[in-house]
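Trainee: My structure is below; once you've seen it, I'll send some questions.
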Amino acid sequence: MGADASQPRETVEKARRVGVTKKADLMARLDRVDPQKLIAIRFRTRIADDSFGDSFADSFGDSFADSFGDSFGDSFGDSSARLQAELLLERIKAVDPAIVVGVEFKLHE
Amino acid sequence: MSAFHLQQVVLQPTSLCNLNCSYCYVPNRRDAAKMTPETLEAVVSKTLRSSLVNDAVEFLWHAGEPLTAGLPHYELAVRLIEKYARPGLQVVKSIQTNGTLVDDAWSEFFVANKFSIGLSVDGPAYLHDASRVDWAERPSHARVMAGYRTLARHGIRPGAICVLRRESLRYPDEIFDFFVQNGFRSVGFNVEEVENRNLISTLTLDGPGSTVRDEYRLFAERLYELWLQDPTRIAIREFVDLQSVIGQKLLDRAYIRHPLETQPLAIVTVQKNGDMSTFSPEFAGGQSAEFANFVVGNINQVTEIEDVLGSPIFQAVAAEVAAGIDACSESCMWFDLCGGAYTSNKFFEHGSLRSTETTACLLHRQTLADVVLNEMAYAPA
C-alpha cells in the first residue's frame, strides 16, 4: 500500500522519498531501451491498422509502404536511411504523430 | 474550453444477461428492465450538446448483455444521434457483446450504422467455457463463435476482450493462436478482478509464497514473444498501449500517462434508470454508503451533464481518486507508465480509493511493463 493522507506525516514523507528513488529506477530502465526496437515494432503495429495503412499507402504508395515497414528498423542506422527518415518525418506526422515519437528520439539523441 | 473532457459515455441499457459468467461484476443480471426511450434521449441529447465534449465522443453499450435491450433501442439511438449531433462532431458507436444473440439482422444493422463490435471471448472453448456459461450452466463458446461467424459473413471483423483467469496463464500459445487464426482484429486482455459483485479472483496473490506473479510473467513473456514475430497479425491492446507510452516517455521524460478512468467525467456511465457514475465504469451499481453508490447524478434530472460538477458525491469521489493517484505517484516505480489506473479495483479490493497496489496493477501494469522493457533493452554487449 502506498502513502495515505490518513497516515502519519513521517510515513507520507518516507513514501515520497521512496517515490523519488523508484522514479530513478524507471528512468534507468528507460535508458536501456533500444529505440530501434521500439520504432520497428511501433511502425509495424501501426501499419497493420487499416486506417493508418490506407493513409500511408495513399501518401507514399503501396510498394514503398510495404518495403518501408519491413526494412525501416534494420536500415535506420544507415546514413541515407537517416536522411530519408528525416525527410519523411514531417509527412508521417500528419498521418500519425505517435509513430514519430520513437523516431525523433533516435534522431535527436 | 472546459478543464474536463467527456470522451466516452458507457450505456448500460439493461443489466439483463443471458449468460452467468463466474467472474461477472454486474448486479441484477436477471432483471429484464430496460432503459426507457426518454432516458436514452436524455443521454444522447445532453451528451451531444455538452460543453465537456470536444471534437469526438464515443457511445459504448456495455453490460449486462447489451443486445438483450433489443434492436429498437439501437435504432432509436442512431436516430437520436443523427438528430442531436452538431456538424463536424465525430460520434463513435461501439458495443461490447457476448455474441450469442448476433444474427443477420443485427449484423446488417451494425454494418449500416458503422458500429464497432467487441466480442467477449476467453480464447479456446476449454478456457472460455470454464467460466462463461449460461444460467443453466451450459457452455457458451459454440454460440459465441456462431455469432462471430455471422458477423464475419457481413464483413465485420470484431475485436475481442479476453478475461485471464489463473488457468489461462498456462496457455499463451493456445490463446494467441485462437485469436489470430480466427481473424480477430484486436484483443484486449483483462485480468479477473475482485470488483463490485465479483468477490473472488483466481489471480489474487494467495500469500507470501504465491506464484501468481511468476505465472503471469511467463504468460506475458511468451505472449509478447509470439506477437513480436509479426505484430501486424493482430493488435494486442496492452502491448500497443505500452509501446506508445514508452515511446512518449522516451521523448519527454516528464510525460505521465493519464488513463481515461482517472480523469473526472472523461467517462460517464449511465445505468438503465439514468443514474450516472464516472471514473471506472465498474462503479455503476457498486455499493458504497460513503459515496452514495457512486451515483453522481441522474441524466433525467440534471439540466446539463455539467451539473454533475456541483454534486457533493462527485466532488468527494474525485477528491479521493486524486488522493489515490497521488499515493501511487509517491510510491510506485511504474507510475509514469500507468497513471494510477484501476480506480475501481482499489475500492473493491481495499475498500479505499486512496489505496494503491491492486492485483490488476501488480500483474497487468507492473509486471507487463517489466516484461516489455526487458525485451526492448539493448542486447548485452
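Labeling convention for the C-alpha cells: chains A, B, ... as they appear, residues from 1 per chain, ligands from 1 in order of appearance.
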Write out as JSON, numbers by chain every residue belonging to chain B that has an atom at most 8 Å from any atom of chain A, counting only C-alpha atoms.

Mentor: {"B": [228, 231, 232, 233, 234, 235, 240, 243, 244, 246, 247, 248, 250, 251, 253, 323, 324, 327, 328, 329, 330, 331, 332, 333, 334, 354, 355, 356, 357, 373, 376, 377, 378]}

Trainee: Residues of the last selection are to be written out with C-alpha atoms, as a short mmCIF file (atom, residue, chain, number, x, y, z; two decimals), in the first residue's frame.

Mentor:
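Contents of the output file selection-v9.cif:
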data_model
loop_
_atom_site.label_atom_id
_atom_site.label_comp_id
_atom_site.auth_asym_id
_atom_site.auth_seq_id
_atom_site.Cartn_x
_atom_site.Cartn_y
_atom_site.Cartn_z
CA LEU B 228 6.57 -9.80 -31.94
CA PRO B 231 2.64 -7.73 -34.82
CA THR B 232 0.61 -7.00 -37.95
CA ARG B 233 -1.46 -10.14 -37.46
CA ILE B 234 -3.39 -8.78 -34.50
CA ALA B 235 -3.28 -5.70 -32.30
CA VAL B 240 0.27 -1.42 -28.35
CA GLN B 243 4.75 0.87 -26.63
CA SER B 244 3.01 4.16 -27.20
CA ILE B 246 7.15 4.10 -23.52
CA GLY B 247 7.77 5.99 -26.76
CA GLN B 248 6.30 9.16 -25.33
CA LEU B 250 11.50 8.33 -24.14
CA LEU B 251 10.84 11.59 -25.92
CA ARG B 253 10.86 12.29 -19.51
CA ALA B 323 -5.54 11.29 -3.42
CA GLY B 324 -5.16 7.69 -4.54
CA ALA B 327 -0.30 7.95 -3.40
CA CYS B 328 0.55 5.85 -6.45
CA SER B 329 2.81 8.61 -7.74
CA GLU B 330 4.70 8.74 -4.50
CA SER B 331 5.17 5.04 -4.01
CA CYS B 332 5.34 3.21 -7.31
CA MET B 333 8.22 2.93 -9.75
CA TRP B 334 5.83 2.34 -12.62
CA ARG B 354 -6.79 6.20 -1.59
CA SER B 355 -5.14 2.79 -1.67
CA THR B 356 -2.56 1.91 -4.28
CA GLU B 357 -1.46 -1.51 -5.41
CA LEU B 373 11.04 -3.08 -21.14
CA MET B 376 13.16 -3.62 -25.64
CA ALA B 377 16.52 -3.33 -23.92
CA TYR B 378 19.75 -3.23 -25.89
#

Trainee: Which residues are close to Cys21 (chain B), i.e. within 8 Å by only C-alpha atoms, leaving aside same-chain residues fewer than 2 positions away? Reply as a PyMOL selection string.

Mentor: chain B and resi 19+23-24+131-134

Trainee: Can you list, as number ranges by chain, all residues belonging to region 44-153 of chain B that DSSP tags as alpha helix (DSSP H)?

Mentor: B: 44-48, 71-84, 104-112, 125-128, 141-153

Trainee: Please save N, CA and C atoms of the selected residues as a short mmCIF file (atom, residue, chain, number, x, y, z; two decimals), in the first residue's frame.

Mentor:
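Here's the written file result_30.cif:
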data_model
loop_
_atom_site.label_atom_id
_atom_site.label_comp_id
_atom_site.auth_asym_id
_atom_site.auth_seq_id
_atom_site.Cartn_x
_atom_site.Cartn_y
_atom_site.Cartn_z
N VAL B 44 -28.42 10.92 -24.97
CA VAL B 44 -27.84 11.34 -26.25
C VAL B 44 -27.86 12.86 -26.39
N SER B 45 -29.00 13.45 -26.11
CA SER B 45 -29.11 14.90 -26.33
C SER B 45 -28.20 15.69 -25.40
N LYS B 46 -28.16 15.30 -24.12
CA LYS B 46 -27.34 16.06 -23.17
C LYS B 46 -25.85 15.82 -23.38
N THR B 47 -25.52 14.65 -23.88
CA THR B 47 -24.10 14.40 -24.22
C THR B 47 -23.69 15.26 -25.40
N LEU B 48 -24.51 15.24 -26.44
CA LEU B 48 -24.08 15.86 -27.68
C LEU B 48 -24.13 17.39 -27.64
N LEU B 71 -33.20 -4.56 -30.75
CA LEU B 71 -32.81 -3.71 -31.87
C LEU B 71 -33.48 -2.34 -31.85
N PRO B 72 -34.77 -2.23 -31.45
CA PRO B 72 -35.39 -0.90 -31.45
C PRO B 72 -34.65 0.12 -30.58
N HIS B 73 -34.05 -0.32 -29.49
CA HIS B 73 -33.27 0.60 -28.64
C HIS B 73 -32.15 1.24 -29.46
N TYR B 74 -31.48 0.43 -30.25
CA TYR B 74 -30.33 0.93 -31.01
C TYR B 74 -30.75 1.72 -32.23
N GLU B 75 -31.87 1.31 -32.83
CA GLU B 75 -32.40 2.09 -33.96
C GLU B 75 -32.77 3.50 -33.49
N LEU B 76 -33.35 3.58 -32.30
CA LEU B 76 -33.68 4.89 -31.74
C LEU B 76 -32.40 5.67 -31.44
N ALA B 77 -31.42 4.99 -30.89
CA ALA B 77 -30.16 5.67 -30.56
C ALA B 77 -29.53 6.30 -31.80
N VAL B 78 -29.56 5.56 -32.89
CA VAL B 78 -28.98 6.08 -34.13
C VAL B 78 -29.75 7.32 -34.60
N ARG B 79 -31.08 7.23 -34.52
CA ARG B 79 -31.89 8.39 -34.94
C ARG B 79 -31.61 9.60 -34.05
N LEU B 80 -31.47 9.35 -32.77
CA LEU B 80 -31.22 10.45 -31.84
C LEU B 80 -29.84 11.08 -32.06
N ILE B 81 -28.87 10.24 -32.34
CA ILE B 81 -27.52 10.77 -32.61
C ILE B 81 -27.56 11.64 -33.87
N GLU B 82 -28.25 11.15 -34.89
CA GLU B 82 -28.36 11.95 -36.12
C GLU B 82 -29.09 13.28 -35.85
N LYS B 83 -30.05 13.22 -34.96
CA LYS B 83 -30.84 14.42 -34.66
C LYS B 83 -30.04 15.45 -33.88
N TYR B 84 -29.22 14.99 -32.92
CA TYR B 84 -28.61 15.93 -31.98
C TYR B 84 -27.13 16.23 -32.25
N ASP B 104 -28.28 -12.24 -38.50
CA ASP B 104 -28.12 -11.43 -39.71
C ASP B 104 -28.69 -10.03 -39.53
N ALA B 105 -29.83 -9.95 -38.86
CA ALA B 105 -30.46 -8.63 -38.69
C ALA B 105 -29.55 -7.69 -37.88
N TRP B 106 -29.00 -8.21 -36.80
CA TRP B 106 -28.06 -7.39 -36.02
C TRP B 106 -26.86 -6.99 -36.86
N SER B 107 -26.32 -7.95 -37.59
CA SER B 107 -25.12 -7.69 -38.37
C SER B 107 -25.37 -6.62 -39.43
N GLU B 108 -26.53 -6.75 -40.09
CA GLU B 108 -26.86 -5.74 -41.12
C GLU B 108 -26.99 -4.35 -40.48
N PHE B 109 -27.58 -4.32 -39.30
CA PHE B 109 -27.73 -3.04 -38.61
C PHE B 109 -26.35 -2.47 -38.24
N PHE B 110 -25.46 -3.32 -37.73
CA PHE B 110 -24.13 -2.84 -37.35
C PHE B 110 -23.38 -2.27 -38.55
N VAL B 111 -23.49 -2.97 -39.67
CA VAL B 111 -22.79 -2.51 -40.88
C VAL B 111 -23.38 -1.18 -41.36
N ALA B 112 -24.70 -1.14 -41.42
CA ALA B 112 -25.37 0.04 -41.96
C ALA B 112 -25.09 1.28 -41.12
N ALA B 125 -12.31 -23.01 -26.39
CA ALA B 125 -13.51 -23.42 -25.65
C ALA B 125 -13.18 -23.92 -24.25
N TYR B 126 -12.07 -24.68 -24.10
CA TYR B 126 -11.83 -25.27 -22.78
C TYR B 126 -11.48 -24.22 -21.74
N LEU B 127 -11.04 -23.04 -22.16
CA LEU B 127 -10.82 -21.95 -21.20
C LEU B 127 -12.08 -21.11 -21.05
N HIS B 128 -12.67 -20.76 -22.18
CA HIS B 128 -13.88 -19.92 -22.19
C HIS B 128 -15.01 -20.57 -21.39
N HIS B 141 -19.32 -21.17 -25.63
CA HIS B 141 -18.31 -20.89 -26.66
C HIS B 141 -18.84 -21.12 -28.07
N ALA B 142 -19.55 -22.24 -28.27
CA ALA B 142 -20.05 -22.55 -29.62
C ALA B 142 -21.01 -21.45 -30.10
N ARG B 143 -21.85 -20.95 -29.20
CA ARG B 143 -22.81 -19.90 -29.58
C ARG B 143 -22.08 -18.57 -29.86
N VAL B 144 -21.06 -18.30 -29.07
CA VAL B 144 -20.28 -17.07 -29.30
C VAL B 144 -19.62 -17.12 -30.67
N MET B 145 -19.02 -18.25 -31.00
CA MET B 145 -18.31 -18.33 -32.27
C MET B 145 -19.27 -18.39 -33.46
N ALA B 146 -20.49 -18.89 -33.22
CA ALA B 146 -21.50 -18.81 -34.28
C ALA B 146 -21.83 -17.34 -34.56
N GLY B 147 -21.95 -16.57 -33.49
CA GLY B 147 -22.18 -15.13 -33.65
C GLY B 147 -21.02 -14.47 -34.36
N TYR B 148 -19.81 -14.88 -34.01
CA TYR B 148 -18.62 -14.33 -34.67
C TYR B 148 -18.66 -14.61 -36.18
N ARG B 149 -19.01 -15.83 -36.53
CA ARG B 149 -19.03 -16.18 -37.95
C ARG B 149 -20.12 -15.40 -38.70
N THR B 150 -21.22 -15.15 -38.03
CA THR B 150 -22.27 -14.33 -38.65
C THR B 150 -21.75 -12.92 -38.91
N LEU B 151 -21.09 -12.35 -37.93
CA LEU B 151 -20.50 -11.02 -38.12
C LEU B 151 -19.51 -11.04 -39.28
N ALA B 152 -18.68 -12.07 -39.32
CA ALA B 152 -17.66 -12.17 -40.36
C ALA B 152 -18.30 -12.26 -41.75
N ARG B 153 -19.41 -12.98 -41.85
CA ARG B 153 -20.09 -13.10 -43.14
C ARG B 153 -20.55 -11.75 -43.66
#

Trainee: Work out how far CA of Val270 (chain B) is from CA of Arg365 (chain B), in Å to one decimal.

Mentor: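 Going from CA of Arg365 (chain B) over to CA of Val270 (chain B), I get 27.5 Å.
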
Trainee: DSSP on the backbone: which residues in region 159-277 of chain B end up as strand (DSSP E or B)? Give the answer as a ChimeraX atom specification.

Mentor: /B:159-164,186-191,195,198,235-236,267-270,275-277

Trainee: Write out as a list in words each polymer residue whose atoms come within 9 Å of region 211-223 of chain B, counting only C-alpha atoms; drop sequence neighbours fewer than 3 positions from it.

Mentor: Arg166, Ser168, Leu169, Arg170, Tyr171, Pro172, Asp173, Ile175, Phe176, Leu203, Thr204, Leu205, Asp206, Pro208, Leu226, Trp227, Leu228, Leu362, Leu363, His364, Thr367, Leu368, Asp370, Val371, Val372 and Glu375 of chain B

Trainee: What gap, in Å, lies between CA of Glu306 (chain B) and CA of Pro259 (chain B)?

Mentor: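 According to the coordinates, CA of Glu306 (chain B) and CA of Pro259 (chain B) are separated by 20.7 Å.
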
Trainee: Give the answer as one residue: which of B:Leu60, B:Val191, B:Gly155, B:Gly183 has the shortest atom-to-atom distance to Asp122 (chain B), using only C-alpha atoms?

Mentor: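 Counting only C-alpha atoms, the residue closest to Asp122 (chain B) is B:Val191.
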